[in-house]
2 protein chains.
Amino acid sequence: MSPTSSQTAKRLDPDQLATSALAIADAEGLEALTIRRLAQAHDVTPMALYRHFSDKDDLLAAVGDRILADIDLPAPTEEPWETQLRAVLTAFTEALRPHPKTAGLTLFRILVSPPGLAMAERTMELLTQGGFSTDNAAEVGRQSICSLITLVTTEPGANEDIDPTTREDALRAKRAALSALSPHRYPLITAAADTLICPTSADQYYALGLDLVVAGIRGVLAGPAA
Amino acid sequence: MSPTSSQTAKRLDPDQLATSALAIADAEGLEALTIRRLAQAHDVTPMALYRHFSDKDDLLAAVGDRILADIDLPAPTEEPWETQLRAVLTAFTEALRPHPKTAGLTLFRILVSPPGLAMAERTMELLTQGGFSTDNAAEVGRQSICSLITLVTTEPGANEDIDPTTREDALRAKRAALSALSPHRYPLITAAADTLICPTSADQYYALGLDLVVAGIRGVLAGPAA
DNA sequence: ACGGTAGGTCTACGTTGTAAACTTGTCAAC
DNA sequence: GTTGACAAGTTTACAACGTAGACCTACCGT
């Protein structure tokens, strides 16, 4: 049929490999993503993957790029820079949210993959528009983006295994550890135990995370007002 | 002599094991910290370590605790809560800074190890003092502390290998990748390439990171002022 | 003097990433 | 057509990893 499907069915496609690698890691964690496992999922010998990725690191980089490719960068508008910046950072976060176990892979790829570069450039653009020098925009943008990656990576609840019994056990263990603490010595921690283990709602969690980041940016720009 | 040194010289001490494990990982990266390597450093069979740590994860947890033990929590004062909070978060950051490659191990241990708990409780105390509800203090504190861990973990420059030639190569490669970008499509990124690769000074880097975090806290507390 | 036990050792297994040499299906050029 | 080269998948192999399980052995309380 199409020129690409005219070849032997065995032909592998790096993009498809990255996609199913991402699926495996999302479902069962990064440690479940092994060369052999991915090869098996494509009915192929492990070594076959090395025709398309030089390394396992190279494969992981491709997975990171795959995630970044989903960024849906909003078009520039006439709104104030803060509003647009929040929209850009939100778009970034939305792209990572489906992949809490793998979002960390994007860290080294932002300044390499085109969608990451586009977002980074746009972020710096808005920051300089807001009044930051080029260098400050670079450092502030970097730190903000890192914080958002961490926000996704450490999202409580989504990190644990899919197996419901294992997940329940982990949650129970965590809860037990916290409630075993002396409420006398740690009154606030024990009082907020439930919140610390699992936030009220994921949407609120992300809303607060973004608020903290953009409020930080505005605050730093305004100067160290006491 | 002393009761502890009266035994056979072979006796291992979990604290010493964690300390030298930390040293290995700091010097050569987390992936260089293997059971066999740590055992060899103590002239002992790999399996000997399992008398003191149930798992490798258990060992890594001990390394995380080892780092947190260095937190030098400032005593409460009469200063405003923001000032004190910044001091607490600074103390936390200072404890992690010597260990950029391993600071991530502290993430799961803060709510377990006593020094981590003390810092977390104190942070929540100051946040509620500032006006946050208990639950909000928990979420804001959590996010702030995670951001600071990430700040250390992603500190540019310190992450790479100690081997100077390897490090130089990595830096050169990164610089080359950035300067290969089209200055037309990515004017700000290429203009700030040097800053993105290696910040002006580590102290400024951390000062800005802390500023962003505490400014974010203050901004969120003040409400979404446009 | 003597058994128990804490803390080492030895051996062995399954899993991982990947190097090296091989086979094979496809296509360009004669 | 035949051929030769090249891209892509196979086979085999290895070193390193975490760790299970059986063993030894020096110490200590009785």
# chains A, B, ... in the order shown; residues from 1 in each chain; ligands from 1
$ residues_around --residues "stretch 133-144 of chain A" --least-positions-apart "5" --cutoff "9 Å" --atoms "only C-alpha atoms (C1' of nucleotides)" --output "list in words"
Leu89, Ala120, Thr123, Met124, Glu125, Leu126, Leu127, Thr128, Ile149, Val213, Val214, Gly216 and Ile217 of chain A; Ser147, Thr150, Leu151, Leu188, Ile189, Ala191, Ala192, Ala193, Asp194, Thr195, Leu196, Pro199, Tyr205, Leu208, Gly209 and Leu212 of chain B
$ interface_residues --of "chain A" --to "chain C" --cutoff "8 Å" --atoms "only C-alpha atoms (C1' of nucleotides)" --output "ChimeraX atom specification"
/A:34-35,56
$ closest_atom_pairs --of "chain D" --to "chain A" --cutoff "8 Å" --atoms "only C-alpha atoms (C1' of nucleotides)" --output "CSV"
residue,atom,partner,partner_atom,distance
D:DA8,C1',A:Arg51,CA,6.9
D:DG9,C1',A:Ala48,CA,5.5
D:DT10,C1',A:Thr45,CA,6.9
$ write_last_selection --atoms "C-alpha atoms (C1' of nucleotides)" --output "short mmCIF file (atom, residue, chain, number, x, y, z; two decimals), in the first residue's frame"
data_model
loop_
_atom_site.label_atom_id
_atom_site.label_comp_id
_atom_site.auth_asym_id
_atom_site.auth_seq_id
_atom_site.Cartn_x
_atom_site.Cartn_y
_atom_site.Cartn_z
"C1'" DA D 8 18.22 -4.02 9.55
"C1'" DG D 9 17.30 -8.08 12.44
"C1'" DT D 10 19.61 -12.46 14.69
#
$ atom_distance --atom1 "atom CA of B:Thr166" --atom2 "atom CA of B:Ile24"
18.0 Å
$ atom_distance --atom1 "atom CA of A:Val152" --atom2 "atom CA of A:Lys101"
8.4 Å
$ closest_residue --among "A:Gly131, A:Pro114, A:Gly64, A:Pro74" --to "chain B" --atoms "only C-alpha atoms"
A:Pro114
$ select_by_dssp --residues "stretch 16-158 of chain B" --states "alpha helix (DSSP H)" --output "number ranges by chain"
B: 16-28, 35-41, 56-68, 81-96, 114-130, 134-153
$ residues_around --residues "B:Leu33" --least-positions-apart "2" --cutoff "10 Å" --atoms "only C-alpha atoms (C1' of nucleotides)" --output "ChimeraX atom specification"
/B:20-31,35-38,56,60
$ write_last_selection --atoms "N, CA and C atoms" --output "short mmCIF file (atom, residue, chain, number, x, y, z; two decimals), in the first residue's frame"
data_model
loop_
_atom_site.label_atom_id
_atom_site.label_comp_id
_atom_site.auth_asym_id
_atom_site.auth_seq_id
_atom_site.Cartn_x
_atom_site.Cartn_y
_atom_site.Cartn_z
N SER B 20 30.12 6.29 53.83
CA SER B 20 31.01 6.05 52.69
C SER B 20 30.21 5.80 51.42
N ALA B 21 29.00 5.28 51.57
CA ALA B 21 28.12 5.17 50.40
C ALA B 21 27.86 6.56 49.82
N LEU B 22 27.58 7.49 50.70
CA LEU B 22 27.36 8.86 50.25
C LEU B 22 28.59 9.42 49.56
N ALA B 23 29.75 9.12 50.13
CA ALA B 23 30.99 9.61 49.54
C ALA B 23 31.17 9.07 48.13
N ILE B 24 30.92 7.78 47.96
CA ILE B 24 31.06 7.17 46.63
C ILE B 24 30.12 7.83 45.64
N ALA B 25 28.85 7.96 46.04
CA ALA B 25 27.86 8.50 45.12
C ALA B 25 28.15 9.97 44.82
N ASP B 26 28.60 10.71 45.81
CA ASP B 26 28.94 12.11 45.57
C ASP B 26 30.08 12.22 44.57
N ALA B 27 31.06 11.33 44.72
CA ALA B 27 32.25 11.44 43.89
C ALA B 27 32.00 10.95 42.47
N GLU B 28 31.23 9.86 42.31
CA GLU B 28 31.15 9.24 40.99
C GLU B 28 29.73 9.05 40.49
N GLY B 29 28.76 9.57 41.19
CA GLY B 29 27.39 9.45 40.72
C GLY B 29 26.65 8.29 41.36
N LEU B 30 25.35 8.40 41.36
CA LEU B 30 24.52 7.38 42.01
C LEU B 30 24.72 6.01 41.38
N GLU B 31 24.94 5.96 40.07
CA GLU B 31 25.05 4.65 39.42
C GLU B 31 26.34 3.95 39.79
N ILE B 35 26.21 -2.31 45.53
CA ILE B 35 26.45 -3.10 46.73
C ILE B 35 27.89 -3.62 46.74
N ARG B 36 28.29 -4.15 45.60
CA ARG B 36 29.64 -4.72 45.53
C ARG B 36 30.71 -3.66 45.79
N ARG B 37 30.51 -2.51 45.21
CA ARG B 37 31.49 -1.45 45.36
C ARG B 37 31.61 -1.01 46.81
N LEU B 38 30.48 -0.83 47.45
CA LEU B 38 30.51 -0.41 48.85
C LEU B 38 31.14 -1.49 49.73
N LYS B 56 18.75 -2.75 48.71
CA LYS B 56 19.50 -1.60 48.25
C LYS B 56 18.69 -0.33 48.52
N LEU B 60 19.87 3.13 50.26
CA LEU B 60 19.67 4.47 49.70
C LEU B 60 18.90 5.36 50.68
#
$ closest_residue --among "B:Ala39, B:Leu73, B:Ala103, B:Cys198" --to "chain A" --atoms "only C-alpha atoms"
B:Cys198
$ closest_residue --among "B:Ser179, B:Asp57, B:Leu111, B:Asp43" --to "D:DG18" --atoms "only C-alpha atoms (C1' of nucleotides)"
B:Asp57
$ closest_residue --among "A:Asp65, A:Asp203, A:Asp55, A:Asp211" --to "chain B" --atoms "only C-alpha atoms"
A:Asp211
$ atom_distance --atom1 "atom C1' of D:DA16" --atom2 "atom CA of B:Ala62"
23.6 Å
$ residues_around --residues "B:Leu68" --least-positions-apart "3" --cutoff "9 Å" --atoms "only C-alpha atoms (C1' of nucleotides)" --output "ChimeraX atom specification"
/B:63-65,71,92,95-96,106,109-110,113-116
$ write_last_selection --atoms "C-alpha atoms" --output "compact mmCIF listing (two decimals), in the first residue's frame"
# COMPACT_ATOMS: atom_id res chain seq x y z
CA VAL B 63 22.06 7.72 52.57
CA GLY B 64 19.15 10.11 52.33
CA ASP B 65 18.84 10.19 56.11
CA ILE B 71 20.41 20.14 58.54
CA PHE B 92 17.75 22.92 54.30
CA ALA B 95 22.51 20.73 53.90
CA LEU B 96 21.81 19.43 50.40
CA THR B 106 16.06 12.89 50.66
CA ARG B 109 12.85 10.53 53.81
CA ILE B 110 11.83 13.98 54.96
CA SER B 113 13.87 10.97 59.51
CA PRO B 114 13.80 13.11 62.66
CA PRO B 115 15.76 16.03 61.20
CA GLY B 116 13.48 16.06 58.18
